[in-house]
>>> print(open('data10.cif').read())   # mmCIF, C-alpha atoms
data_my_file
loop_
_atom_site.label_atom_id
_atom_site.label_comp_id
_atom_site.auth_asym_id
_atom_site.auth_seq_id
_atom_site.Cartn_x
_atom_site.Cartn_y
_atom_site.Cartn_z
CA MET X 1 35.48 10.73 70.62
CA SER X 2 32.54 9.57 68.51
CA ALA X 3 32.62 6.15 66.86
CA ALA X 4 33.61 5.99 63.22
CA VAL X 5 30.71 5.84 60.79
CA ARG X 6 30.29 2.46 59.13
CA PHE X 7 28.18 1.45 56.18
CA ASN X 8 25.11 -0.33 57.53
CA PRO X 9 22.38 -1.18 55.02
CA LEU X 10 20.44 -3.33 57.49
CA GLY X 11 18.80 -0.64 59.59
CA ALA X 12 15.30 0.76 59.12
CA ALA X 13 16.66 4.32 59.03
CA PHE X 14 18.94 3.47 56.10
CA ARG X 15 16.09 1.89 54.17
CA ALA X 16 13.90 4.93 54.71
CA ASP X 17 16.65 7.41 53.81
CA PRO X 18 20.22 6.23 53.11
CA TYR X 19 21.50 9.66 52.06
CA PRO X 20 22.53 11.07 55.48
CA GLN X 21 24.70 7.98 56.03
CA TYR X 22 26.12 8.28 52.53
CA ARG X 23 27.02 11.90 53.23
CA GLN X 24 28.80 11.02 56.46
CA LEU X 25 30.76 8.28 54.72
CA ARG X 26 31.79 10.51 51.82
CA GLU X 27 33.02 13.13 54.26
CA THR X 28 34.78 10.88 56.78
CA ARG X 29 35.42 7.38 55.38
CA PRO X 30 34.89 7.47 51.60
CA VAL X 31 36.72 4.15 51.11
CA HIS X 32 36.53 1.80 54.06
CA LYS X 33 36.33 -1.91 54.73
CA THR X 34 33.34 -3.42 56.50
CA LEU X 35 31.16 -6.52 56.21
CA GLY X 36 34.06 -8.23 54.39
CA MET X 37 34.21 -5.73 51.52
CA TRP X 38 35.40 -2.27 50.56
CA VAL X 39 32.64 0.35 50.49
CA VAL X 40 33.17 3.25 48.08
CA THR X 41 31.02 6.41 48.19
CA ARG X 42 32.68 9.31 46.30
CA HIS X 43 31.70 9.93 42.69
CA GLU X 44 35.30 10.10 41.51
CA ASP X 45 36.20 6.76 43.12
CA VAL X 46 33.00 4.96 42.06
CA GLN X 47 33.40 6.12 38.48
CA ARG X 48 37.05 5.09 38.45
CA VAL X 49 36.24 1.53 39.53
CA LEU X 50 33.41 1.26 37.01
CA ARG X 51 35.78 2.38 34.26
CA ASP X 52 38.73 0.22 35.36
CA ARG X 53 38.56 -3.16 33.63
CA THR X 54 40.91 -4.74 36.16
CA PHE X 55 37.85 -4.81 38.44
CA SER X 56 35.80 -7.84 37.42
CA ALA X 57 32.02 -7.77 37.05
CA GLY X 58 31.88 -11.55 37.46
CA LEU X 59 31.59 -11.59 41.25
CA ILE X 60 27.85 -12.29 41.52
CA PRO X 61 27.94 -15.60 39.55
CA GLN X 62 30.79 -16.72 41.81
CA LEU X 63 28.77 -15.85 44.91
CA VAL X 64 25.72 -17.67 43.51
CA THR X 65 27.78 -20.84 43.12
CA LYS X 66 29.27 -20.57 46.62
CA GLN X 67 25.93 -19.84 48.28
CA ALA X 68 24.23 -22.69 46.42
CA GLU X 69 26.92 -25.10 47.61
CA ARG X 70 26.52 -23.82 51.17
CA VAL X 71 22.73 -23.94 51.53
CA SER X 72 21.47 -26.18 48.74
CA GLY X 73 22.22 -29.60 47.30
CA LEU X 74 20.47 -28.75 44.06
CA ASP X 75 21.82 -28.84 40.54
CA VAL X 76 22.20 -25.12 39.78
CA ALA X 77 24.06 -25.48 36.48
CA ARG X 78 21.44 -23.55 34.51
CA ILE X 79 21.40 -20.53 36.81
CA GLU X 80 25.20 -20.59 36.97
CA ARG X 81 25.27 -20.34 33.16
CA LEU X 82 22.63 -17.60 33.28
CA GLY X 83 24.99 -15.57 35.46
CA ARG X 84 28.13 -16.32 33.48
CA LYS X 85 26.45 -15.48 30.16
CA SER X 86 24.70 -12.29 31.30
CA LEU X 87 26.11 -9.02 30.00
CA VAL X 88 25.88 -7.55 33.47
CA PHE X 89 28.32 -10.12 34.88
CA THR X 90 30.73 -10.89 32.03
CA ASP X 91 34.24 -9.58 31.47
CA ASN X 92 36.12 -9.40 28.20
CA PRO X 93 36.45 -11.18 25.85
CA ASP X 94 33.00 -12.72 26.53
CA HIS X 95 31.46 -9.34 27.27
CA ALA X 96 32.75 -7.73 24.08
CA ARG X 97 31.40 -10.60 21.99
CA LEU X 98 27.95 -10.60 23.58
CA ARG X 99 27.66 -6.82 23.66
CA GLY X 100 28.72 -6.60 20.03
CA LEU X 101 25.83 -8.84 19.05
CA VAL X 102 23.18 -7.40 21.36
CA ASN X 103 24.11 -3.79 20.57
CA ARG X 104 23.00 -4.42 17.00
CA VAL X 105 19.46 -4.70 18.33
CA PHE X 106 19.44 -2.38 21.35
CA THR X 107 20.09 0.82 19.40
CA ALA X 108 18.85 4.33 20.14
CA GLN X 109 16.83 4.16 16.92
CA ALA X 110 15.18 0.87 17.96
CA VAL X 111 14.22 2.33 21.35
CA ALA X 112 12.87 5.48 19.70
CA THR X 113 10.54 3.38 17.57
CA LEU X 114 9.10 1.90 20.78
CA ARG X 115 7.79 5.26 22.01
CA PRO X 116 4.34 4.82 20.39
CA LEU X 117 4.06 1.42 22.09
CA VAL X 118 5.06 2.92 25.44
CA GLU X 119 2.51 5.70 24.95
CA LYS X 120 -0.22 3.16 24.18
CA VAL X 121 0.57 0.98 27.20
CA THR X 122 0.88 3.98 29.52
CA GLY X 123 -2.39 5.43 28.25
CA GLU X 124 -4.26 2.20 28.90
CA LEU X 125 -2.85 1.96 32.42
CA LEU X 126 -3.69 5.59 33.17
CA ASP X 127 -7.26 5.09 31.96
CA HIS X 128 -7.84 2.98 35.08
CA VAL X 129 -5.85 5.30 37.36
CA VAL X 130 -7.67 8.46 36.29
CA VAL X 131 -11.14 6.87 36.44
CA ALA X 132 -10.46 5.40 39.90
CA GLY X 133 -9.34 8.76 41.28
CA ARG X 134 -7.48 7.03 44.11
CA THR X 135 -5.00 4.24 43.47
CA ASP X 136 -1.63 2.66 44.20
CA ALA X 137 0.70 4.17 41.60
CA ILE X 138 3.16 1.29 41.97
CA ALA X 139 0.66 -1.53 41.48
CA GLU X 140 -1.39 0.21 38.78
CA LEU X 141 1.29 2.07 36.79
CA ALA X 142 4.96 1.69 37.71
CA ALA X 143 4.98 -2.12 38.05
CA PRO X 144 2.92 -3.20 35.02
CA LEU X 145 4.46 -0.64 32.63
CA PRO X 146 7.90 -2.23 32.04
CA VAL X 147 6.58 -5.81 32.07
CA THR X 148 3.91 -4.98 29.51
CA VAL X 149 6.26 -3.01 27.26
CA LEU X 150 8.89 -5.77 27.26
CA SER X 151 6.25 -8.45 26.69
CA GLU X 152 4.97 -6.48 23.68
CA TRP X 153 8.49 -5.91 22.32
CA LEU X 154 9.21 -9.62 22.55
CA ALA X 155 5.70 -10.38 21.19
CA LEU X 156 5.22 -12.97 23.92
CA PRO X 157 2.12 -15.19 23.73
CA ASP X 158 -0.68 -14.29 26.14
CA GLU X 159 -0.29 -17.46 28.20
CA LEU X 160 3.34 -16.51 28.94
CA ARG X 161 2.69 -12.86 29.76
CA GLU X 162 0.64 -13.69 32.84
CA HIS X 163 3.70 -15.39 34.39
CA VAL X 164 6.68 -13.19 33.47
CA GLY X 165 6.18 -10.57 36.19
CA ARG X 166 6.16 -13.16 38.97
CA TRP X 167 9.01 -15.15 37.42
CA THR X 168 11.10 -12.01 37.05
CA HIS X 169 10.60 -11.14 40.71
CA ASP X 170 11.82 -14.59 41.74
CA ILE X 171 14.85 -14.65 39.42
CA ARG X 172 16.09 -11.26 40.58
CA PHE X 173 17.06 -12.94 43.88
CA LEU X 174 20.15 -14.11 41.98
CA LEU X 175 21.43 -10.54 42.03
CA GLU X 176 21.82 -10.81 45.82
CA PRO X 177 22.89 -14.42 46.45
CA GLY X 178 23.88 -13.76 50.04
CA LEU X 179 20.19 -13.40 50.90
CA MET X 180 19.21 -16.73 49.35
CA ARG X 181 18.30 -19.83 51.35
CA GLY X 182 17.85 -23.39 50.17
CA ASP X 183 14.16 -22.91 49.35
CA ASP X 184 15.02 -19.75 47.40
CA PHE X 185 17.39 -21.72 45.19
CA ALA X 186 14.74 -24.39 44.67
CA ARG X 187 12.19 -21.80 43.59
CA VAL X 188 14.62 -19.89 41.33
CA CYS X 189 15.85 -23.10 39.66
CA GLU X 190 12.25 -24.13 38.95
CA VAL X 191 11.32 -20.69 37.62
CA VAL X 192 14.40 -20.40 35.39
CA GLU X 193 13.66 -23.80 33.85
CA LYS X 194 10.05 -22.78 33.16
CA PHE X 195 11.11 -19.44 31.70
CA VAL X 196 13.78 -21.04 29.49
CA ALA X 197 11.38 -23.73 28.25
CA ALA X 198 8.71 -21.16 27.41
CA LEU X 199 11.16 -18.91 25.57
CA ASP X 200 12.57 -21.92 23.73
CA GLU X 201 9.11 -22.41 22.23
CA VAL X 202 8.97 -18.73 21.30
CA LEU X 203 12.39 -19.05 19.66
CA ALA X 204 11.26 -22.00 17.53
CA GLU X 205 8.15 -20.12 16.44
CA ARG X 206 10.12 -16.96 15.49
CA ARG X 207 12.69 -19.00 13.62
CA ALA X 208 9.86 -20.42 11.50
CA ARG X 209 7.94 -17.12 11.26
CA PRO X 210 10.24 -14.15 11.97
CA GLY X 211 8.75 -10.74 12.64
CA ASP X 212 9.90 -7.30 13.78
CA ASP X 213 9.98 -8.19 17.48
CA LEU X 214 13.02 -8.31 19.74
CA VAL X 215 13.36 -12.11 19.62
CA SER X 216 13.35 -12.12 15.81
CA ARG X 217 15.91 -9.31 15.71
CA LEU X 218 18.20 -11.13 18.13
CA LEU X 219 17.90 -14.28 16.02
CA ALA X 220 18.95 -12.30 12.95
CA ALA X 221 21.87 -10.48 14.63
CA ARG X 222 25.26 -11.36 13.12
CA THR X 223 28.75 -9.94 13.38
CA GLY X 224 30.89 -9.34 10.30
CA SER X 225 32.45 -12.75 10.80
CA GLY X 226 29.03 -14.43 10.96
CA ASP X 227 29.03 -15.01 14.72
CA ARG X 228 25.58 -15.17 16.33
CA LEU X 229 23.99 -15.79 19.68
CA ALA X 230 23.52 -19.45 20.58
CA ASP X 231 19.93 -20.30 21.48
CA GLU X 232 20.56 -20.42 25.20
CA GLU X 233 22.52 -17.15 25.06
CA LEU X 234 19.61 -15.49 23.27
CA ILE X 235 17.13 -16.81 25.80
CA PHE X 236 19.32 -15.54 28.64
CA VAL X 237 19.38 -12.08 27.02
CA CYS X 238 15.57 -12.09 27.02
CA VAL X 239 15.36 -13.27 30.65
CA MET X 240 17.82 -10.60 31.79
CA CYS X 241 15.87 -7.90 29.93
CA PHE X 242 13.09 -8.56 32.41
CA VAL X 243 15.33 -9.10 35.45
CA ALA X 244 17.44 -5.98 34.88
CA GLY X 245 14.72 -3.75 33.43
CA ASN X 246 11.60 -4.49 35.42
CA GLU X 247 12.42 -3.60 39.04
CA THR X 248 14.62 -0.64 38.11
CA THR X 249 12.10 0.99 35.76
CA LYS X 250 9.32 0.43 38.28
CA SER X 251 11.42 2.11 40.96
CA LEU X 252 12.42 4.98 38.66
CA VAL X 253 8.76 5.85 38.05
CA GLY X 254 7.78 5.31 41.69
CA ASN X 255 10.73 7.16 43.25
CA GLY X 256 10.40 9.96 40.70
CA LEU X 257 6.70 10.45 41.38
CA LEU X 258 7.31 10.49 45.14
CA ALA X 259 10.03 13.13 44.66
CA LEU X 260 7.57 15.31 42.75
CA LEU X 261 4.86 14.86 45.37
CA ARG X 262 7.31 15.81 48.13
CA HIS X 263 8.43 18.84 46.13
CA PRO X 264 5.17 20.43 44.93
CA ASP X 265 7.03 23.47 43.56
CA GLN X 266 8.84 21.16 41.13
CA LEU X 267 5.60 19.41 40.17
CA ALA X 268 3.99 22.78 39.51
CA LEU X 269 6.99 23.83 37.40
CA LEU X 270 6.66 20.68 35.27
CA ARG X 271 2.98 21.40 34.74
CA ARG X 272 3.89 24.87 33.46
CA GLN X 273 6.86 23.64 31.43
CA PRO X 274 6.28 20.00 30.36
CA GLU X 275 9.26 20.28 28.01
CA LEU X 276 11.38 19.88 31.15
CA VAL X 277 10.23 16.27 31.63
CA PRO X 278 13.36 14.66 30.03
CA ALA X 279 15.62 16.73 32.30
CA ALA X 280 13.36 15.88 35.26
CA VAL X 281 13.77 12.15 34.59
CA GLN X 282 17.56 12.57 34.64
CA GLU X 283 17.24 14.42 37.94
CA MET X 284 15.05 11.62 39.33
CA LEU X 285 17.76 9.12 38.38
CA ARG X 286 20.38 11.22 40.15
CA TYR X 287 18.36 12.20 43.19
CA ASP X 288 17.00 8.78 44.19
CA CYS X 289 18.39 6.15 41.82
CA PRO X 290 16.72 2.73 41.67
CA LEU X 291 19.98 0.76 41.62
CA GLN X 292 21.82 1.98 44.71
CA LEU X 293 24.66 -0.53 44.93
CA THR X 294 26.74 -2.69 42.63
CA LYS X 295 29.70 -4.99 43.25
CA ARG X 296 33.07 -5.59 41.66
CA LEU X 297 36.01 -7.91 42.37
CA ALA X 298 39.56 -6.60 42.32
CA THR X 299 41.86 -8.71 40.14
CA GLN X 300 45.03 -6.83 41.09
CA ASP X 301 46.22 -4.51 43.85
CA VAL X 302 44.91 -0.95 43.40
CA GLU X 303 45.23 2.25 45.43
CA LEU X 304 41.90 3.99 45.86
CA GLY X 305 41.83 7.11 47.98
CA ASP X 306 43.91 6.33 51.06
CA ALA X 307 43.25 2.60 50.83
CA VAL X 308 45.01 -0.27 49.10
CA ILE X 309 42.53 -2.74 47.64
CA HIS X 310 44.12 -6.14 47.12
CA ALA X 311 43.48 -8.69 44.39
CA GLY X 312 40.56 -10.87 45.46
CA ASP X 313 38.87 -8.13 47.52
CA GLN X 314 35.19 -7.38 47.01
CA VAL X 315 34.25 -3.77 46.31
CA LEU X 316 30.76 -2.34 46.89
CA LEU X 317 30.09 0.79 44.85
CA CYS X 318 27.45 3.11 46.31
CA LEU X 319 25.86 4.65 43.22
CA GLY X 320 23.32 6.50 45.35
CA ALA X 321 26.11 8.16 47.34
CA ALA X 322 28.06 9.09 44.20
CA ASN X 323 24.98 10.77 42.76
CA ARG X 324 24.77 13.09 45.79
CA ASP X 325 28.48 14.06 45.75
CA PRO X 326 28.82 17.87 46.12
CA GLU X 327 32.11 17.75 44.22
CA VAL X 328 30.07 16.93 41.10
CA PHE X 329 26.55 18.22 41.77
CA ASP X 330 25.74 21.62 43.24
CA ARG X 331 23.20 21.46 46.09
CA PRO X 332 23.13 17.65 45.73
CA ASP X 333 20.42 17.02 48.31
CA GLU X 334 17.97 19.33 46.55
CA PHE X 335 15.57 17.99 43.94
CA ASP X 336 15.73 20.42 41.01
CA VAL X 337 14.19 19.45 37.67
CA THR X 338 15.95 22.36 35.93
CA ARG X 339 19.46 21.20 36.76
CA SER X 340 21.76 19.34 34.39
CA ALA X 341 22.19 15.95 36.04
CA LYS X 342 24.81 14.97 33.48
CA GLY X 343 27.37 12.67 35.05
CA HIS X 344 25.00 10.71 37.28
CA LEU X 345 25.89 7.05 37.66
CA ALA X 346 22.38 5.60 37.99
CA PHE X 347 23.00 3.42 34.93
CA GLY X 348 26.60 2.64 35.82
CA HIS X 349 29.48 3.72 33.62
CA GLY X 350 31.89 2.30 31.10
CA MET X 351 31.50 -0.98 29.30
CA HIS X 352 28.92 -2.27 31.80
CA GLY X 353 26.69 0.78 31.45
CA CYS X 354 23.04 -0.28 31.51
CA LEU X 355 21.94 -1.65 28.15
CA GLY X 356 18.30 -0.80 28.83
CA GLY X 357 18.86 2.69 30.19
CA LEU X 358 17.39 4.42 27.14
CA LEU X 359 14.23 2.34 27.29
CA ALA X 360 13.82 3.05 31.01
CA GLU X 361 14.14 6.78 30.31
CA VAL X 362 11.54 6.65 27.53
CA GLN X 363 9.07 4.83 29.77
CA ALA X 364 9.56 7.32 32.61
CA GLU X 365 9.30 10.31 30.27
CA VAL X 366 6.06 9.04 28.74
CA ALA X 367 4.59 8.16 32.15
CA PHE X 368 5.18 11.67 33.52
CA GLU X 369 4.17 13.43 30.30
CA GLN X 370 0.82 11.64 30.34
CA LEU X 371 0.30 12.03 34.09
CA LEU X 372 0.78 15.79 33.78
CA ARG X 373 -1.42 16.07 30.70
CA ARG X 374 -4.29 13.97 32.01
CA THR X 375 -4.52 15.25 35.59
CA ASP X 376 -4.88 18.64 37.23
CA ALA X 377 -3.91 17.38 40.69
CA ILE X 378 -1.89 14.51 42.17
CA ALA X 379 -1.43 14.03 45.90
CA LEU X 380 -0.36 11.44 48.44
CA TYR X 381 -3.27 10.26 50.54
CA THR X 382 -1.06 8.81 53.24
CA GLY X 383 1.60 10.47 55.35
CA GLU X 384 4.15 7.68 55.25
CA VAL X 385 5.35 5.36 52.52
CA GLU X 386 7.18 2.06 52.92
CA TYR X 387 10.18 0.91 50.94
CA GLN X 388 10.48 -2.70 49.78
CA ASP X 389 12.72 -4.90 51.91
CA HIS X 390 13.36 -7.85 49.57
CA SER X 391 16.45 -6.18 48.13
CA PHE X 392 19.40 -4.18 49.43
CA ILE X 393 20.66 -3.06 46.04
CA VAL X 394 17.37 -1.74 44.63
CA ARG X 395 15.62 1.20 46.28
CA GLY X 396 11.92 1.22 45.53
CA LEU X 397 8.53 1.61 47.14
CA ARG X 398 6.16 -1.13 48.27
CA GLY X 399 3.31 1.09 47.22
CA LEU X 400 2.48 4.72 46.51
CA PRO X 401 -1.14 5.58 47.39
CA ILE X 402 -2.19 8.66 45.42
CA SER X 403 -5.32 10.59 44.58
CA VAL X 404 -5.65 12.18 41.16
CA GLY X 405 -7.96 14.76 39.67
CA ALA X 406 -8.74 14.24 36.01
CA ARG X 407 -8.66 17.16 33.58
#
>>> encode(input="data10.cif", output="structure tokens")
Amino acid sequence: MSAAVRFNPLGAAFRADPYPQYRQLRETRPVHKTLGMWVVTRHEDVQRVLRDRTFSAGLIPQLVTKQAERVSGLDVARIERLGRKSLVFTDNPDHARLRGLVNRVFTAQAVATLRPLVEKVTGELLDHVVVAGRTDAIAELAAPLPVTVLSEWLALPDELREHVGRWTHDIRFLLEPGLMRGDDFARVCEVVEKFVAALDEVLAERRARPGDDLVSRLLAARTGSGDRLADEELIFVCVMCFVAGNETTKSLVGNGLLALLRHPDQLALLRRQPELVPAAVQEMLRYDCPLQLTKRLATQDVELGDAVIHAGDQVLLCLGAANRDPEVFDRPDEFDVTRSAKGHLAFGHGMHGCLGGLLAEVQAEVAFEQLLRRTDAIALYTGEVEYQDHSFIVRGLRGLPISVGAR
């Protein structure tokens, strides 16, 4: 009798292609306990947990505190507050209050007005890509795009912009505290203090001279009762815009481009019918989503599938597995830019659905629209690609060497 399949994110095969393991788990052990947590892989079960508010989103800040105590003697009060005050990790009533204020700024209309900015930034980046003819699409397009767009939206001073990409990369370690060592905490604490101090100066300047940028809009946001974001809360919102939006948008563009290059029939179809680009971006999110895993903490006993999850248990939700569930998506392992990918969970679901999802979609749509319009050929110039190994929850490429032919 063969051994039961267990979730194992540590192997090289899983990093290169986790979907065969996801499929086996969905079919044989859709809810099982391993590595001290419940692993959930079916779309129905993942969506249920995301929707169920008895599952707390506040697990990561707790794990940050515990890991810091275990491996570091540092004062981590600031990063603990960053976690506890981040929309991603708050439960009600804190979440409802913060979301109510931030939603007044992160509207569909506000994101739509950013499209010309995204087009400008993308065009400038592609100028270099097209002229070079051969480039790394991650380093030259996917990585700088979200950092530049966010820096422009926040109207950050030039001297700050040169640091935010590196700072964001360091701070995102907080999303996976189990991987952090003592020196990691030291570096993250230092970076968070620098980021907060720099944004505090930006805040003072916008308070004196408000504009139409994101910081000014957050400063002006008020509820009907007059509630507003405290200064540190506002700064944390800005920091988390970079932390949550940078790596995921980069990976959306990179993973999506790789999917097109590995499916030349779909790339050719998009060239013939560029109006399919928005649907293609949704399919990219479903087919190979940037955020593969997210965690919750059970606050009461719950039956899920054939399992009983007890209060205090950790639950790992496999978004990547849910997005390949044949009960929801026909031919789930096929990349098809004409399909309706409605129902994918790449941006989560429920009250913790990704605040920046619309902006990520706009950036990906513009990137692919311009790539298709400005080139007559795109190809990989290497047989193999490597996936980053600094994160288990984010699936993204180290690099994507491509050659392009300009129109």
>>> closest_residue(input="data10.cif", among="X:Ser72, X:Gln266, X:Thr223, X:Gln292", to="Cys189 of chain X", atoms="all atoms listed in the file")
X:Ser72
>>> residues_around(input="data10.cif", residues="Arg271 of chain X", least_positions_apart="5", cutoff="12 Å", atoms="all atoms listed in the file", output="mmCIF file with C-alpha atoms, keeping the file's coordinate frame")
data_model
loop_
_atom_site.group_PDB
_atom_site.id
_atom_site.type_symbol
_atom_site.label_atom_id
_atom_site.label_comp_id
_atom_site.auth_asym_id
_atom_site.auth_seq_id
_atom_site.Cartn_x
_atom_site.Cartn_y
_atom_site.Cartn_z
ATOM 1 C CA LEU X 260 7.570 15.310 42.750
ATOM 2 C CA PRO X 264 5.170 20.430 44.930
ATOM 3 C CA ASP X 265 7.030 23.470 43.560
ATOM 4 C CA GLN X 266 8.840 21.160 41.130
ATOM 5 C CA LEU X 276 11.380 19.880 31.150
ATOM 6 C CA VAL X 277 10.230 16.270 31.630
ATOM 7 C CA ALA X 280 13.360 15.880 35.260
ATOM 8 C CA VAL X 337 14.190 19.450 37.670
ATOM 9 C CA PHE X 368 5.180 11.670 33.520
ATOM 10 C CA GLU X 369 4.170 13.430 30.300
ATOM 11 C CA GLN X 370 0.820 11.640 30.340
ATOM 12 C CA LEU X 371 0.300 12.030 34.090
ATOM 13 C CA LEU X 372 0.780 15.790 33.780
ATOM 14 C CA ARG X 373 -1.420 16.070 30.700
ATOM 15 C CA ARG X 374 -4.290 13.970 32.010
ATOM 16 C CA THR X 375 -4.520 15.250 35.590
ATOM 17 C CA ASP X 376 -4.880 18.640 37.230
ATOM 18 C CA ALA X 377 -3.910 17.380 40.690
ATOM 19 C CA ILE X 378 -1.890 14.510 42.170
#
>>> closest_residue(input="data10.cif", among="X:Val362, X:Leu397, X:Val385, X:Ala204", to="Val281 of chain X", atoms="all atoms listed in the file")
X:Val362
>>> resolve_selection(input="data10.cif", expression="the PyMOL selection byres ((chain X and resi 51) around 10)", output="ChimeraX atom specification")
/X:45-50,52-55,348-353
>>> resolve_selection(input="data10.cif", expression="the PyMOL selection byres ((chain X and resi 312) around 9)", output="ChimeraX atom specification")
/X:297-301,309-311,313-314
>>> closest_residue(input="data10.cif", among="X:His390, X:His263, X:Arg23, X:Arg296", to="Thr90 of chain X", atoms="all atoms listed in the file")
X:Arg296
>>> residues_around(input="data10.cif", residues="Val31 of chain X", least_positions_apart="5", cutoff="12 Å", atoms="only C-alpha atoms", output="VMD selection string")
chain X and resid 5 to 7 22 24 to 26 37 to 46 49 303 to 309 315 to 318 321
>>> atom_distance(input="data10.cif", atom1="atom CA of Val215 of chain X", atom2="atom CA of Arg104 of chain X")
12.6 Å
>>> residues_around(input="data10.cif", residues="Gly182 of chain X", least_positions_apart="2", cutoff="12 Å", atoms="all atoms listed in the file", output="PyMOL selection string")
chain X and resi 64+67-76+177-180+184-189
>>> closest_residue(input="data10.cif", among="X:Phe392, X:Asp325, X:Ser151, X:Leu252", to="Thr294 of chain X", atoms="only C-alpha atoms")
X:Phe392
>>> closest_residue(input="data10.cif", among="X:Gln62, X:Thr338, X:Gln21, X:Asn323", to="Pro274 of chain X", atoms="only C-alpha atoms")
X:Thr338
>>> axis_aligned_box(input="data10.cif", around="segment 298-317 of chain X", padding_each_side="8 Å", output="lines of an AutoDock Vina configuration file")
center_x = 38.2
center_y = -1.9
center_z = 45.6
size_x = 32.1
size_y = 34.0
size_z = 26.9
>>> residues_around(input="data10.cif", residues="Leu400 of chain X", least_positions_apart="5", cutoff="6 Å", atoms="only C-alpha atoms", output="number ranges by chain")
X: 136-138
>>> atom_distance(input="data10.cif", atom1="atom CA of Leu35 of chain X", atom2="atom CA of Glu80 of chain X")
24.6 Å
>>> build_atoms(input="data10.cif", residues="segment 98-109 of chain X", atoms="N, CA and C atoms", output="PDB file, in the frame of the given file")
ATOM      1  N   LEU X  98      29.389 -10.672  23.356  1.00  0.00           N
ATOM      2  CA  LEU X  98      27.950 -10.600  23.580  1.00  0.00           C
ATOM      3  C   LEU X  98      27.414  -9.199  23.333  1.00  0.00           C
ATOM      4  N   ARG X  99      28.127  -8.199  23.825  1.00  0.00           N
ATOM      5  CA  ARG X  99      27.660  -6.820  23.660  1.00  0.00           C
ATOM      6  C   ARG X  99      27.660  -6.443  22.183  1.00  0.00           C
ATOM      7  N   GLY X 100      28.664  -6.899  21.444  1.00  0.00           N
ATOM      8  CA  GLY X 100      28.720  -6.600  20.030  1.00  0.00           C
ATOM      9  C   GLY X 100      27.518  -7.115  19.276  1.00  0.00           C
ATOM     10  N   LEU X 101      27.013  -8.267  19.686  1.00  0.00           N
ATOM     11  CA  LEU X 101      25.830  -8.840  19.050  1.00  0.00           C
ATOM     12  C   LEU X 101      24.549  -8.149  19.522  1.00  0.00           C
ATOM     13  N   VAL X 102      24.416  -7.965  20.810  1.00  0.00           N
ATOM     14  CA  VAL X 102      23.180  -7.400  21.360  1.00  0.00           C
ATOM     15  C   VAL X 102      23.044  -5.925  21.002  1.00  0.00           C
ATOM     16  N   ASN X 103      24.167  -5.209  20.924  1.00  0.00           N
ATOM     17  CA  ASN X 103      24.110  -3.790  20.570  1.00  0.00           C
ATOM     18  C   ASN X 103      23.532  -3.555  19.182  1.00  0.00           C
ATOM     19  N   ARG X 104      23.575  -4.560  18.330  1.00  0.00           N
ATOM     20  CA  ARG X 104      23.000  -4.420  17.000  1.00  0.00           C
ATOM     21  C   ARG X 104      21.479  -4.320  17.040  1.00  0.00           C
ATOM     22  N   VAL X 105      20.916  -4.722  18.163  1.00  0.00           N
ATOM     23  CA  VAL X 105      19.460  -4.700  18.330  1.00  0.00           C
ATOM     24  C   VAL X 105      19.026  -3.584  19.273  1.00  0.00           C
ATOM     25  N   PHE X 106      19.776  -3.393  20.358  1.00  0.00           N
ATOM     26  CA  PHE X 106      19.440  -2.380  21.350  1.00  0.00           C
ATOM     27  C   PHE X 106      20.052  -1.035  20.951  1.00  0.00           C
ATOM     28  N   THR X 107      19.579  -0.460  19.874  1.00  0.00           N
ATOM     29  CA  THR X 107      20.090   0.820  19.400  1.00  0.00           C
ATOM     30  C   THR X 107      19.153   1.943  19.834  1.00  0.00           C
ATOM     31  N   ALA X 108      19.679   3.177  19.803  1.00  0.00           N
ATOM     32  CA  ALA X 108      18.850   4.330  20.140  1.00  0.00           C
ATOM     33  C   ALA X 108      17.664   4.434  19.174  1.00  0.00           C
ATOM     34  N   GLN X 109      17.904   4.108  17.912  1.00  0.00           N
ATOM     35  CA  GLN X 109      16.830   4.160  16.920  1.00  0.00           C
ATOM     36  C   GLN X 109      15.750   3.127  17.235  1.00  0.00           C
TER      37      GLN X 109
END
